[in-house]
Amino acid sequence: MMDPMTYTLVLLRHGESEWNAKNLFTGWVDVALSDKGREEAKHGGELLKDAGILPDVVHTSLLRRAMNTANLALDAADRLWIPVKRNWRLNERHYGALQGKNKAETLEKYGEEQFKLWRRSYDVPPPEIELGSEFSQDTDPRYADAPVVRTECLKDVLERALPYVKEEVFGDLKAGKTVLVAAHGNSLRAIVKFLDGISDDDIAGLNIPTGIPLVYELDEDFKPVNPGGKYLDPAAAAEAIKAVANQGKK
Ligand SMILES: O=C(O)[C@@H](CO)OP(=O)(O)O
């Protein structure tokens, strides 16, 4: 039994996307899940159901890989009926001019140090994307309420995600709901950094696998009772985390 004084927050990174499979920087580009990604999402829902962790409300980004992952997972857990809240603040980190670029080619061209800084440093953003270019979202109507974003580092993601998390996600937790957040590698890294109080340096080494629910029990001050959370399939998560860390290297 879970302590009745704790809140249950489930973080779920979307299943593999078509651009994850092609090893391309994705960011705000709205790519679909791959077949494997759809399977991962369903499996994530089955893991939730098997663990008896049944979300009462789901929060997603405005990107279809997260929205569809939430739907597939909730369908598998027989919770497709729960309320849905969507917000751009849960989007993947905007990858600036790297959006649409191949990770292996970028590593090759700029070297490991620069590649790592762009990918995992806390406060070094990639170069800004050119407005109006193929992979820019500056005219996308779904972002009418958001500022024009041209690139983001993880710090920027944390700063735009946190107000939403504190208000909406914590608000639902306070109301006694089990909350599912279906989002992205870097928006979830930002949330985990905040929850676990991870330092700006150490966050570089944290990677989140696709499709495996990460469950946090939080105390009434929203501090993790189980620091780092608990993956519902720890062995699969450990394998997948290594693979994410090594993306770019062939
Ligand atoms: O391309 C992206 O948007 C992200 C997540 O897939 O990649 P990375 O893990 O390299 O930050």
# chains A, B, ... in the order shown; residues from 1 in each chain; ligands from 1

call {"tool": "residues_near_ligand", "arguments": {"ligand": "ligand 1", "cutoff": "8 Å", "atoms": "only C-alpha atoms and all ligand atoms", "output": "mmCIF file with C-alpha atoms, in the first residue's frame"}}
result
data_model
loop_
_atom_site.group_PDB
_atom_site.id
_atom_site.type_symbol
_atom_site.label_atom_id
_atom_site.label_comp_id
_atom_site.auth_asym_id
_atom_site.auth_seq_id
_atom_site.Cartn_x
_atom_site.Cartn_y
_atom_site.Cartn_z
ATOM 1 C CA SER A 17 9.413 8.644 -32.954
ATOM 2 C CA TRP A 19 12.991 10.912 -36.133
ATOM 3 C CA ASN A 20 14.387 9.090 -33.083
ATOM 4 C CA ASN A 23 18.713 9.768 -35.414
ATOM 5 C CA LEU A 24 17.616 13.336 -36.208
ATOM 6 C CA PHE A 25 17.391 16.253 -33.767
ATOM 7 C CA THR A 26 13.655 16.777 -33.362
ATOM 8 C CA GLY A 27 12.717 19.427 -30.802
ATOM 9 C CA TRP A 28 9.442 21.111 -31.754
ATOM 10 C CA GLU A 92 10.403 19.055 -26.067
ATOM 11 C CA ARG A 93 13.295 21.494 -25.819
ATOM 12 C CA HIS A 94 13.408 23.620 -29.001
ATOM 13 C CA TYR A 95 16.588 22.439 -30.702
ATOM 14 C CA GLN A 99 16.193 20.662 -35.721
ATOM 15 C CA LYS A 103 22.991 13.560 -34.789
ATOM 16 C CA ARG A 119 22.835 18.158 -26.310
ATOM 17 C CA ARG A 120 23.282 17.955 -22.574
ATOM 18 C CA HIS A 184 9.711 14.421 -23.886
ATOM 19 C CA GLY A 185 13.303 13.506 -23.114
ATOM 20 C CA ASN A 186 14.391 17.035 -22.274
ATOM 21 C CA ASN A 207 18.861 10.416 -19.770
ATOM 22 C CA VAL A 244 19.948 7.403 -25.445
ATOM 23 C CA ALA A 245 23.262 8.523 -23.953
ATOM 24 C CA GLN A 247 22.994 8.568 -29.678
#

call {"tool": "select_by_dssp", "arguments": {"residues": "segment 86-217 of chain A", "states": "alpha helix (DSSP H)", "output": "MDAnalysis selection string"}}
result
chainID A and resid 103:110 112:120 154:164 170:174 185:196

call {"tool": "write_last_selection", "arguments": {"atoms": "C-alpha atoms", "output": "tab-separated table (two decimals), in the first residue's frame"}}
result
chain	number	residue	atom	x	y	z
A	103	LYS	CA	22.99	13.56	-34.79
A	104	ALA	CA	25.87	11.43	-36.09
A	105	GLU	CA	26.71	13.99	-38.80
A	106	THR	CA	26.51	16.84	-36.28
A	107	LEU	CA	28.89	14.99	-33.95
A	108	GLU	CA	31.25	14.38	-36.85
A	109	LYS	CA	31.13	17.98	-38.06
A	110	TYR	CA	31.45	19.85	-34.74
A	112	GLU	CA	32.30	15.60	-29.32
A	113	GLU	CA	32.73	18.52	-26.95
A	114	GLN	CA	30.46	20.91	-28.87
A	115	PHE	CA	27.96	18.13	-29.56
A	116	LYS	CA	27.73	17.30	-25.86
A	117	LEU	CA	27.37	20.96	-24.90
A	118	TRP	CA	24.47	21.43	-27.29
A	119	ARG	CA	22.83	18.16	-26.31
A	120	ARG	CA	23.28	17.96	-22.57
A	154	LEU	CA	17.68	22.97	-20.67
A	155	LYS	CA	17.58	25.99	-18.35
A	156	ASP	CA	15.11	27.70	-20.70
A	157	VAL	CA	12.98	24.55	-20.69
A	158	LEU	CA	12.98	24.41	-16.91
A	159	GLU	CA	12.00	28.07	-16.69
A	160	ARG	CA	9.03	27.70	-19.03
A	161	ALA	CA	7.90	24.27	-17.77
A	162	LEU	CA	8.06	25.00	-14.05
A	163	PRO	CA	5.19	27.50	-13.79
A	164	TYR	CA	2.94	24.95	-15.51
A	170	PHE	CA	0.87	20.07	-8.55
A	171	GLY	CA	-2.67	21.46	-8.46
A	172	ASP	CA	-4.07	18.14	-9.66
A	173	LEU	CA	-1.85	16.22	-7.24
A	174	LYS	CA	-3.08	18.40	-4.38
A	185	GLY	CA	13.30	13.51	-23.11
A	186	ASN	CA	14.39	17.04	-22.27
A	187	SER	CA	11.18	18.48	-20.81
A	188	LEU	CA	11.12	15.47	-18.45
A	189	ARG	CA	14.83	15.93	-17.66
A	190	ALA	CA	13.96	19.48	-16.60
A	191	ILE	CA	11.12	18.27	-14.36
A	192	VAL	CA	13.28	15.52	-12.83
A	193	LYS	CA	16.08	18.06	-12.21
A	194	PHE	CA	13.63	20.18	-10.26
A	195	LEU	CA	12.00	17.31	-8.34
A	196	ASP	CA	15.26	15.64	-7.34

call {"tool": "select_by_dssp", "arguments": {"residues": "segment 167-248 of chain A", "states": "strand (DSSP E)", "output": "MDAnalysis selection string"}}
result
chainID A and resid 179:183 214:218 230:231

call {"tool": "write_last_selection", "arguments": {"atoms": "C-alpha atoms", "output": "CSV table (one decimal), in the first residue's frame"}}
result
chain,number,residue,atom,x,y,z
A,179,VAL,CA,-1.2,12.4,-12.5
A,180,LEU,CA,0.4,11.3,-15.7
A,181,VAL,CA,2.7,13.6,-17.6
A,182,ALA,CA,3.3,12.4,-21.1
A,183,ALA,CA,6.2,14.5,-22.5
A,214,LEU,CA,8.8,6.6,-14.2
A,215,VAL,CA,6.8,6.8,-10.9
A,216,TYR,CA,7.4,9.4,-8.2
A,217,GLU,CA,5.9,9.4,-4.8
A,218,LEU,CA,6.0,13.0,-3.5
A,230,LYS,CA,11.0,4.2,-9.9
A,231,TYR,CA,10.9,2.9,-13.4

call {"tool": "closest_atom_pairs", "arguments": {"of": "segment 105-152 of chain A", "to": "segment 60-70 of chain A", "cutoff": "12 Å", "atoms": "only C-alpha atoms", "output": "Markdown table"}}
result
| residue | atom | partner | partner_atom | distance |
| --- | --- | --- | --- | --- |
| A:Gln137 | CA | A:Leu63 | CA | 11.7 |
| A:Asp140 | CA | A:Leu62 | CA | 11.3 |
| A:Pro141 | CA | A:Leu62 | CA | 11.2 |
| A:Arg142 | CA | A:Leu62 | CA | 7.6 |
| A:Tyr143 | CA | A:Leu62 | CA | 8.8 |
| A:Ala144 | CA | A:Leu62 | CA | 11.9 |
| A:Asp145 | CA | A:Leu62 | CA | 12.0 |
| A:Ala146 | CA | A:Leu62 | CA | 11.4 |

call {"tool": "atom_distance", "arguments": {"atom1": "atom CA of Thr8 of chain A", "atom2": "atom CA of Thr178 of chain A"}}
result
5.2 Å

call {"tool": "atom_distance", "arguments": {"atom1": "atom CA of Asn246 of chain A", "atom2": "atom CA of Ala32 of chain A"}}
result
22.4 Å

call {"tool": "residues_around", "arguments": {"residues": "Asp138 of chain A", "least_positions_apart": "5", "cutoff": "10 Å", "atoms": "only C-alpha atoms", "output": "PyMOL selection string"}}
result
chain A and resi 129-133+143-144+146-150

call {"tool": "closest_residue", "arguments": {"among": "A:Arg38, A:Tyr122, A:Arg13, A:Ile212", "to": "Leu90 of chain A", "atoms": "only C-alpha atoms"}}
result
A:Arg13
